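Chemist: So I've got this file, my_file31.tsv, and it contains TSV, C-alpha atoms and all ligand atoms:
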chain	number	residue	atom	x	y	z
A	7	MET	CA	132.72	119.10	100.73
A	8	PRO	CA	133.29	122.67	99.42
A	9	PHE	CA	132.99	125.40	102.04
A	10	ALA	CA	129.89	126.95	100.43
A	11	GLU	CA	128.09	123.61	100.47
A	12	LYS	CA	128.96	122.97	104.10
A	13	LYS	CA	127.72	126.43	105.01
A	14	LEU	CA	124.49	125.85	103.08
A	15	ILE	CA	123.77	122.57	104.87
A	16	GLU	CA	124.53	124.20	108.24
A	17	ARG	CA	122.11	126.96	107.35
A	18	ILE	CA	119.37	124.51	106.39
A	19	ARG	CA	120.00	122.55	109.59
A	20	ARG	CA	119.70	125.68	111.69
A	21	LEU	CA	116.51	126.91	110.03
A	22	ALA	CA	114.64	123.64	109.43
A	23	PRO	CA	111.72	123.03	111.79
A	24	GLU	CA	111.56	119.96	114.04
A	25	GLY	CA	108.97	117.32	113.30
A	26	ARG	CA	107.17	114.77	115.42
A	27	SER	CA	107.96	111.89	113.06
A	28	LEU	CA	111.65	112.68	112.78
A	29	VAL	CA	113.92	110.33	114.75
A	30	LYS	CA	117.06	111.60	112.96
A	31	GLY	CA	117.24	114.42	110.42
A	32	ILE	CA	120.21	116.07	108.70
A	33	GLY	CA	123.62	114.85	109.85
A	34	ASP	CA	123.64	111.11	109.18
A	35	ASP	CA	123.67	108.83	106.13
A	36	CYS	CA	119.90	108.57	106.14
A	37	ALA	CA	117.06	110.34	107.85
A	38	VAL	CA	115.10	108.13	110.24
A	39	LEU	CA	111.34	108.65	110.23
A	40	ARG	CA	108.77	106.99	112.42
A	41	VAL	CA	105.39	106.38	110.83
A	42	PRO	CA	102.50	105.89	113.26
A	43	PRO	CA	101.31	102.28	113.49
A	44	GLY	CA	98.46	101.41	111.14
A	45	HIS	CA	99.47	103.98	108.54
A	46	ASP	CA	100.62	103.82	104.92
A	47	LEU	CA	103.56	105.90	103.73
A	48	LEU	CA	103.06	108.52	100.99
A	49	VAL	CA	105.98	109.70	98.86
A	50	THR	CA	105.93	112.40	96.20
A	51	THR	CA	108.75	113.94	94.18
A	52	ASP	CA	108.77	117.06	92.04
A	53	PHE	CA	111.26	119.03	89.93
A	54	THR	CA	111.50	122.82	89.83
A	55	ILE	CA	113.73	123.86	86.93
A	56	GLU	CA	114.87	127.31	85.88
A	57	LYS	CA	113.44	128.47	82.53
A	58	VAL	CA	110.89	125.62	82.63
A	59	HIS	CA	108.98	126.36	85.85
A	60	PHE	CA	110.33	129.80	86.75
A	61	ARG	CA	112.50	132.61	85.45
A	62	ARG	CA	115.12	134.23	87.63
A	63	ASP	CA	114.40	137.66	86.11
A	64	TRP	CA	110.64	137.35	86.83
A	65	HIS	CA	110.10	135.38	90.00
A	66	PRO	CA	111.38	136.36	93.44
A	67	PRO	CA	113.58	133.56	94.88
A	68	GLU	CA	111.23	133.24	97.89
A	69	TRP	CA	108.37	132.46	95.48
A	70	VAL	CA	110.43	129.74	93.76
A	71	GLY	CA	111.32	128.14	97.11
A	72	ARG	CA	107.74	128.32	98.34
A	73	ARG	CA	106.37	126.85	95.11
A	74	CYS	CA	108.84	123.98	95.35
A	75	LEU	CA	107.49	122.80	98.73
A	76	THR	CA	103.89	123.82	97.95
A	77	ARG	CA	103.82	121.24	95.15
A	78	GLY	CA	104.98	118.46	97.46
A	79	LEU	CA	102.60	119.38	100.30
A	80	SER	CA	99.73	119.75	97.84
A	81	ASP	CA	100.31	116.19	96.54
A	82	ILE	CA	100.15	114.87	100.11
A	83	ALA	CA	96.95	116.92	100.64
A	84	ALA	CA	95.43	115.36	97.51
A	85	MET	CA	95.68	111.90	99.11
A	86	GLY	CA	94.13	113.13	102.38
A	87	GLY	CA	97.51	112.67	104.06
A	88	GLU	CA	99.60	114.25	106.77
A	89	PRO	CA	103.02	115.56	105.61
A	90	ARG	CA	105.84	114.17	107.77
A	91	ALA	CA	109.16	115.31	106.24
A	92	ALA	CA	110.65	116.99	103.18
A	93	PHE	CA	113.93	116.39	101.35
A	94	LEU	CA	115.52	118.90	99.00
A	95	SER	CA	118.13	118.27	96.34
A	96	LEU	CA	119.47	121.50	94.91
A	97	ALA	CA	121.86	121.99	91.99
A	98	VAL	CA	123.01	125.55	91.36
A	99	ALA	CA	125.40	126.94	88.72
A	100	GLY	CA	128.51	128.81	89.83
A	101	ASP	CA	127.17	132.18	88.64
A	102	VAL	CA	124.04	132.07	90.84
A	103	PRO	CA	124.55	134.48	93.75
A	104	GLN	CA	124.56	133.03	97.27
A	105	LYS	CA	121.90	135.62	98.10
A	106	TRP	CA	119.53	133.98	95.61
A	107	VAL	CA	119.99	130.59	97.30
A	108	ASN	CA	119.45	132.11	100.76
A	109	ARG	CA	116.23	133.79	99.68
A	110	PHE	CA	115.05	130.59	97.94
A	111	LEU	CA	115.60	128.67	101.19
A	112	LYS	CA	113.80	131.36	103.15
A	113	GLY	CA	110.70	130.91	100.99
A	114	LEU	CA	110.82	127.14	101.28
A	115	LEU	CA	111.53	127.04	105.01
A	116	THR	CA	108.88	129.65	105.87
A	117	LEU	CA	106.27	127.32	104.39
A	118	ALA	CA	107.89	124.32	106.13
A	119	GLN	CA	107.51	126.19	109.44
A	120	GLU	CA	103.87	127.02	108.70
A	121	PHE	CA	103.10	123.33	108.20
A	122	LYS	CA	105.57	122.06	110.82
A	123	VAL	CA	107.25	119.85	108.24
A	124	PRO	CA	110.95	119.21	108.92
A	125	LEU	CA	113.45	119.44	106.09
A	126	ALA	CA	115.07	116.12	106.95
A	127	GLY	CA	117.79	115.85	104.30
A	128	GLY	CA	118.76	116.21	100.68
A	129	ASP	CA	121.75	116.94	98.53
A	130	THR	CA	123.53	119.90	96.99
A	131	ALA	CA	125.64	120.02	93.83
A	132	GLN	CA	127.03	122.47	91.32
A	133	SER	CA	125.09	122.41	88.05
A	134	ILE	CA	126.52	123.25	84.63
A	135	THR	CA	123.87	125.88	84.05
A	136	GLY	CA	120.95	127.38	85.98
A	137	ILE	CA	119.06	126.08	88.99
A	138	GLN	CA	117.42	122.69	89.47
A	139	ALA	CA	115.58	121.82	92.66
A	140	ASP	CA	114.01	118.47	93.41
A	141	ILE	CA	111.72	118.16	96.39
A	142	VAL	CA	110.59	114.92	98.00
A	143	VAL	CA	107.81	115.00	100.56
A	144	VAL	CA	106.95	112.01	102.73
A	145	GLY	CA	103.56	111.74	104.42
A	146	SER	CA	101.19	109.21	105.91
A	147	VAL	CA	97.54	108.16	105.79
A	148	PRO	CA	95.58	105.62	107.85
A	149	ARG	CA	96.18	102.22	106.22
A	150	GLY	CA	94.16	101.66	103.05
A	151	LYS	CA	92.46	105.06	103.26
A	152	ALA	CA	94.48	107.17	100.78
A	153	ILE	CA	92.11	109.01	98.42
A	154	LEU	CA	93.08	107.91	94.90
A	155	ARG	CA	92.33	109.40	91.49
A	156	SER	CA	90.62	106.15	90.52
A	157	GLY	CA	87.67	106.09	92.93
A	158	ALA	CA	85.07	108.19	91.07
A	159	LYS	CA	81.82	106.59	89.87
A	160	PRO	CA	79.28	107.98	87.36
A	161	GLY	CA	76.65	110.30	88.82
A	162	GLU	CA	78.80	111.89	91.54
A	163	GLY	CA	79.31	115.58	92.19
A	164	ILE	CA	82.57	117.28	91.14
A	165	TYR	CA	83.90	119.78	93.68
A	166	VAL	CA	86.75	122.24	93.87
A	167	THR	CA	88.24	124.19	96.80
A	168	GLY	CA	89.04	127.91	96.75
A	169	GLU	CA	89.15	129.94	93.54
A	170	LEU	CA	90.89	129.13	90.27
A	171	GLY	CA	93.07	131.02	87.80
A	172	GLY	CA	94.73	133.43	90.25
A	173	SER	CA	98.29	132.20	89.76
A	174	ALA	CA	98.00	132.14	85.97
A	175	ALA	CA	96.55	135.66	85.99
A	176	ASN	CA	99.39	136.88	88.21
A	177	LEU	CA	101.96	135.30	85.94
A	178	ALA	CA	100.38	136.81	82.82
A	179	ARG	CA	100.37	140.22	84.45
A	180	LEU	CA	103.97	139.85	85.60
A	181	ALA	CA	105.08	138.80	82.11
A	182	LYS	CA	103.32	141.82	80.59
A	183	SER	CA	104.90	144.31	83.00
A	184	LYS	CA	108.35	142.72	82.56
A	185	ARG	CA	108.10	142.97	78.78
A	186	GLU	CA	106.97	146.57	79.01
A	187	SER	CA	109.79	147.52	81.37
A	188	GLN	CA	112.30	145.77	79.10
A	189	ARG	CA	111.00	147.73	76.11
A	190	ARG	CA	111.19	150.97	78.09
A	191	SER	CA	114.72	150.29	79.28
A	192	GLN	CA	115.81	149.63	75.70
A	193	ARG	CA	114.56	153.05	74.67
A	194	GLU	CA	115.90	154.99	77.61
A	195	PHE	CA	117.73	154.01	80.75
A	196	GLN	CA	115.28	153.99	83.66
A	197	PRO	CA	116.66	152.26	86.72
A	198	GLY	CA	113.23	152.29	88.42
A	199	SER	CA	111.64	150.27	85.62
A	200	GLN	CA	113.65	147.15	86.49
A	201	ARG	CA	111.82	146.38	89.71
A	202	ALA	CA	109.29	143.56	89.84
A	203	GLY	CA	106.07	144.59	88.15
A	204	GLY	CA	103.55	142.67	90.23
A	205	LYS	CA	102.97	140.55	93.27
A	206	VAL	CA	103.25	136.83	92.66
A	207	SER	CA	101.44	134.85	95.30
A	208	LEU	CA	100.60	131.20	95.78
A	209	PRO	CA	97.67	129.59	97.56
A	210	GLU	CA	98.27	127.49	100.65
A	211	PRO	CA	98.40	123.75	100.06
A	212	ARG	CA	95.02	122.41	101.26
A	213	VAL	CA	96.36	119.88	103.77
A	214	ALA	CA	93.64	120.42	106.41
A	215	VAL	CA	90.83	120.16	103.85
A	216	GLY	CA	92.29	116.92	102.44
A	217	GLN	CA	92.47	115.35	105.89
A	218	ILE	CA	88.90	116.33	106.79
A	219	LEU	CA	87.62	114.90	103.49
A	220	LEU	CA	89.40	111.63	104.32
A	221	ARG	CA	88.19	111.51	107.93
A	222	ARG	CA	84.56	112.15	106.97
A	223	GLY	CA	84.73	109.81	103.97
A	224	LEU	CA	83.50	112.61	101.70
A	225	ALA	CA	85.73	112.20	98.64
A	226	SER	CA	85.63	109.19	96.31
A	227	ALA	CA	88.52	110.46	94.13
A	228	MET	CA	90.84	113.44	94.47
A	229	ILE	CA	93.70	115.29	92.77
A	230	ASP	CA	95.39	118.63	93.41
A	231	LEU	CA	95.18	121.32	90.73
A	232	SER	CA	98.77	121.88	89.68
A	233	ASP	CA	98.46	121.79	85.87
A	234	GLY	CA	95.00	123.31	85.45
A	235	LEU	CA	91.39	122.13	85.86
A	236	SER	CA	90.98	120.80	82.30
A	237	THR	CA	94.14	118.67	82.56
A	238	ASP	CA	93.71	117.49	86.14
A	239	LEU	CA	90.00	116.62	85.78
A	240	GLY	CA	91.11	114.58	82.77
A	241	HIS	CA	93.39	112.56	85.06
A	242	ILE	CA	90.50	111.67	87.41
A	243	CYS	CA	88.32	110.70	84.42
A	244	GLN	CA	91.08	108.59	82.94
A	245	GLU	CA	91.94	106.78	86.17
A	246	SER	CA	88.32	106.29	87.24
A	247	GLY	CA	86.95	105.43	83.78
A	248	VAL	CA	84.24	108.08	83.93
A	249	GLY	CA	83.28	111.12	81.89
A	250	ALA	CA	82.59	114.53	83.35
A	251	GLU	CA	80.42	117.55	82.76
A	252	ILE	CA	81.15	120.91	84.32
A	253	GLU	CA	79.34	124.24	84.18
A	254	ALA	CA	81.31	127.33	83.21
A	255	ASP	CA	79.12	129.52	85.45
A	256	ALA	CA	79.77	127.34	88.49
A	257	ILE	CA	83.57	127.53	88.34
A	258	PRO	CA	84.83	129.78	91.16
A	259	ARG	CA	87.13	132.29	89.48
A	260	ALA	CA	89.81	134.20	91.37
A	261	TRP	CA	89.60	137.97	91.77
A	262	LEU	CA	92.18	140.06	89.96
A	263	GLY	CA	94.07	141.78	92.76
A	264	THR	CA	92.10	144.65	94.24
A	265	GLU	CA	90.22	145.23	91.00
A	266	LYS	CA	86.60	144.26	91.14
A	267	ASN	CA	86.68	141.76	88.34
A	268	LYS	CA	87.34	138.07	88.02
A	269	VAL	CA	89.98	136.28	85.97
A	270	ALA	CA	89.07	135.09	82.46
A	271	LEU	CA	87.33	131.71	82.21
A	272	ASP	CA	90.27	130.38	80.18
A	273	LEU	CA	92.68	131.00	83.05
A	274	ALA	CA	90.34	129.30	85.53
A	275	LEU	CA	89.98	126.30	83.20
A	276	HIS	CA	93.56	125.87	82.08
A	277	GLY	CA	95.80	127.95	84.39
A	278	GLY	CA	98.33	126.11	86.56
A	279	ASP	CA	99.82	126.55	90.03
A	280	ASP	CA	96.43	126.83	91.77
A	281	TYR	CA	97.07	124.03	94.30
A	282	GLU	CA	93.39	123.74	95.12
A	283	LEU	CA	91.80	120.31	95.54
A	284	LEU	CA	89.51	118.75	92.93
A	285	PHE	CA	87.41	115.83	94.16
A	286	THR	CA	84.33	113.79	93.45
A	287	SER	CA	81.69	112.83	95.99
A	288	PRO	CA	78.45	110.85	96.04
A	289	LEU	CA	77.44	112.75	99.20
A	290	SER	CA	76.43	116.32	99.89
A	291	VAL	CA	79.51	118.35	100.75
A	292	PRO	CA	79.47	121.42	103.04
A	293	PRO	CA	80.15	124.77	101.29
A	294	LYS	CA	83.10	125.46	103.59
A	295	ILE	CA	85.70	123.05	105.00
A	296	ALA	CA	88.49	124.20	107.35
A	297	GLY	CA	87.60	127.78	106.42
A	298	VAL	CA	88.04	127.10	102.69
A	299	ARG	CA	85.22	127.56	100.19
A	300	VAL	CA	84.09	124.36	98.44
A	301	THR	CA	82.09	124.61	95.20
A	302	ARG	CA	80.20	122.01	93.20
A	303	ILE	CA	81.16	122.56	89.56
A	304	GLY	CA	79.60	119.58	87.81
A	305	ARG	CA	79.07	115.83	87.82
A	306	THR	CA	80.66	112.63	86.61
A	307	LEU	CA	79.09	110.70	83.75
A	308	ARG	CA	79.16	107.20	82.38
A	309	SER	CA	82.04	107.03	79.92
A	310	SER	CA	80.32	104.51	77.60
A	311	GLY	CA	80.27	105.31	73.91
A	312	MET	CA	83.70	106.86	74.02
A	313	ARG	CA	86.80	105.37	72.55
A	314	SER	CA	88.85	103.58	75.15
A	315	GLY	CA	91.41	105.78	76.82
A	316	VAL	CA	89.60	108.92	75.70
A	317	THR	CA	87.42	110.59	78.26
A	318	LEU	CA	85.03	113.33	77.42
A	319	ILE	CA	84.66	116.40	79.55
A	320	GLY	CA	81.73	118.55	78.62
A	321	ILE	CA	81.42	122.18	79.58
A	322	ASP	CA	78.27	124.24	79.63
A	323	ILE	CA	78.98	127.79	78.48
A	324	ASP	CA	75.92	130.06	78.24
A	325	GLY	CA	73.65	127.03	77.99
A	326	LYS	CA	75.62	125.56	75.10
A	327	ARG	CA	77.28	122.23	75.71
A	328	GLN	CA	80.72	121.81	74.22
A	329	SER	CA	83.64	119.51	74.81
A	330	LEU	CA	86.52	120.73	76.92
A	331	LYS	CA	90.00	119.91	75.71
A	332	ALA	CA	92.80	119.55	78.22
A	333	ALA	CA	95.00	122.60	77.81
A	334	GLY	CA	97.02	122.82	80.99
A	335	TRP	CA	99.39	125.68	81.45
A	336	GLU	CA	102.64	124.99	79.61
A	337	HIS	CA	104.79	127.27	81.66
A	338	PHE	CA	107.17	128.91	79.23
A	339	LYS	CA	106.35	127.05	76.04
A	340	GLY	CA	104.69	129.32	73.55
A	341	ASN	CA	103.17	131.70	76.07
A	342	SER	CA	106.25	133.49	77.35
B	1	MG	MG	99.44	116.18	92.24
Show me this structure written as structure tokens.
Modeler:
Amino acid sequence: MPFAEKKLIERIRRLAPEGRSLVKGIGDDCAVLRVPPGHDLLVTTDFTIEKVHFRRDWHPPEWVGRRCLTRGLSDIAAMGGEPRAAFLSLAVAGDVPQKWVNRFLKGLLTLAQEFKVPLAGGDTAQSITGIQADIVVVGSVPRGKAILRSGAKPGEGIYVTGELGGSAANLARLAKSKRESQRRSQREFQPGSQRAGGKVSLPEPRVAVGQILLRRGLASAMIDLSDGLSTDLGHICQESGVGAEIEADAIPRAWLGTEKNKVALDLALHGGDDYELLFTSPLSVPPKIAGVRVTRIGRTLRSSGMRSGVTLIGIDIDGKRQSLKAAGWEHFKGNS
């Protein structure tokens, strides 16, 4: 094992939080986890790749690390589960500074601490080019109770937690300021113009909300919003065999920083990285769960009359009903 790799693993070992389910973490051939009796195991895996999901010249390393684990925790939340352990495989090219890796780990492990999820293992390697991180998160739910995407029936309410479009708006703003500072620095050398142009934040994965929805039997189907409302609602429709109708006016849009205006409807509909929960329910749902706002944005419909495999999502904009096409955020394809 190269010295740098050994040092990295030691660092992770030192910083990783302890977890109740962890019998043996880093330092053996396998991690040993104990799942409570009467529970099912949840496993989710997710890639974070440089130039696909983030750019080193735009995103602070802490943000990249935090996003990596946020995605895994958010998937566990979307099943109503309890996260138990995380595993990280990290491949980094030789020209990536050690400082970048340290700051990446700091972002990831800060979130791990917040949620008391141990980093129980993983792998490191040298990549040919750039940075690739793969996160695996293991969780548990009471046996047979995981909230699936396939449980929605026609005539149910469609609900969303928090506010949408904030991450996409931040990214758009960051891209704009980066391009402007690049243009400026081409004209004249201004060292100050190279600093990050805006704050890039991420919402908390909604683990507590997911668990309460499961415990109270409130959600018939659920998904986390990682690719954007239009895309992710499409997944519920597809898996449940229902249609959906949402109201543009009902969609809770994020505020733009300290400015007193909300993000554009397009960003709330199609922006990614929101990590809020989208669920359906036949029951009445309280407007706040675990301190998080919950909003009814529409209802599920019978999907009859539609071609098989195609689900229709209608959206009501200014009283006019139109169909909503899935247009999830394609990170750096065409909009960078
Ligand atoms: Mg998901």
Chemist: Quick one: of A:Leu180, A:Ala174, A:Ile18, A:Ala84, who's nearest to ligand MG 1 (chain B), counting all atoms listed in the file?
Modeler: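 Result for the nearest residue to ligand MG 1 (chain B): A:Ala84.
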Chemist: Enter the distance from CA of Asp322 in chain A to CA of Glu251 in chain A, in Å, rounded to one decimal.
Modeler: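 Straight-line distance from CA of Asp322 in chain A to CA of Glu251 in chain A works out to 7.7 Å.
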Chemist: Enumerate residues in contact with ligand MG 1 (chain B): an atom-to-atom distance of at most 12 Å, counting all atoms listed in the file. Format the result as number ranges by chain.
Modeler: A: 49-52, 76-86, 143, 153-155, 211-212, 228-235, 237-239, 241-242, 278-284
Chemist: Between CA of Thr130 in chain A and CA of His65 in chain A, measure the distance and give it in Å to one decimal.
Modeler: 21.7 Å
Chemist: Considering all atoms listed in the file, can you say which of A:Leu170, A:Ala22, A:Ala333, A:Leu28 comes closest to Leu114 in chain A?
Modeler: A:Ala22
Chemist: Please return the centre and edge lengths, in Å to one decimal, of a box with edges along x, y and z that contains all listed atoms of range 60-66 of chain A, widened by 6 Å on every side, as JSON.
Modeler:
{"center_x": 112.6, "center_y": 133.7, "center_z": 89.4, "size_x": 17.0, "size_y": 19.9, "size_z": 20.0}
Chemist: Here is a test: counting all atoms listed in the file, which residue of A:Glu253, A:Glu16, A:Asp46, A:Asp34 is nearest to Arg149 in chain A?
Modeler: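 Looking at the shortest contact to Arg149 in chain A, the residue is A:Asp46.
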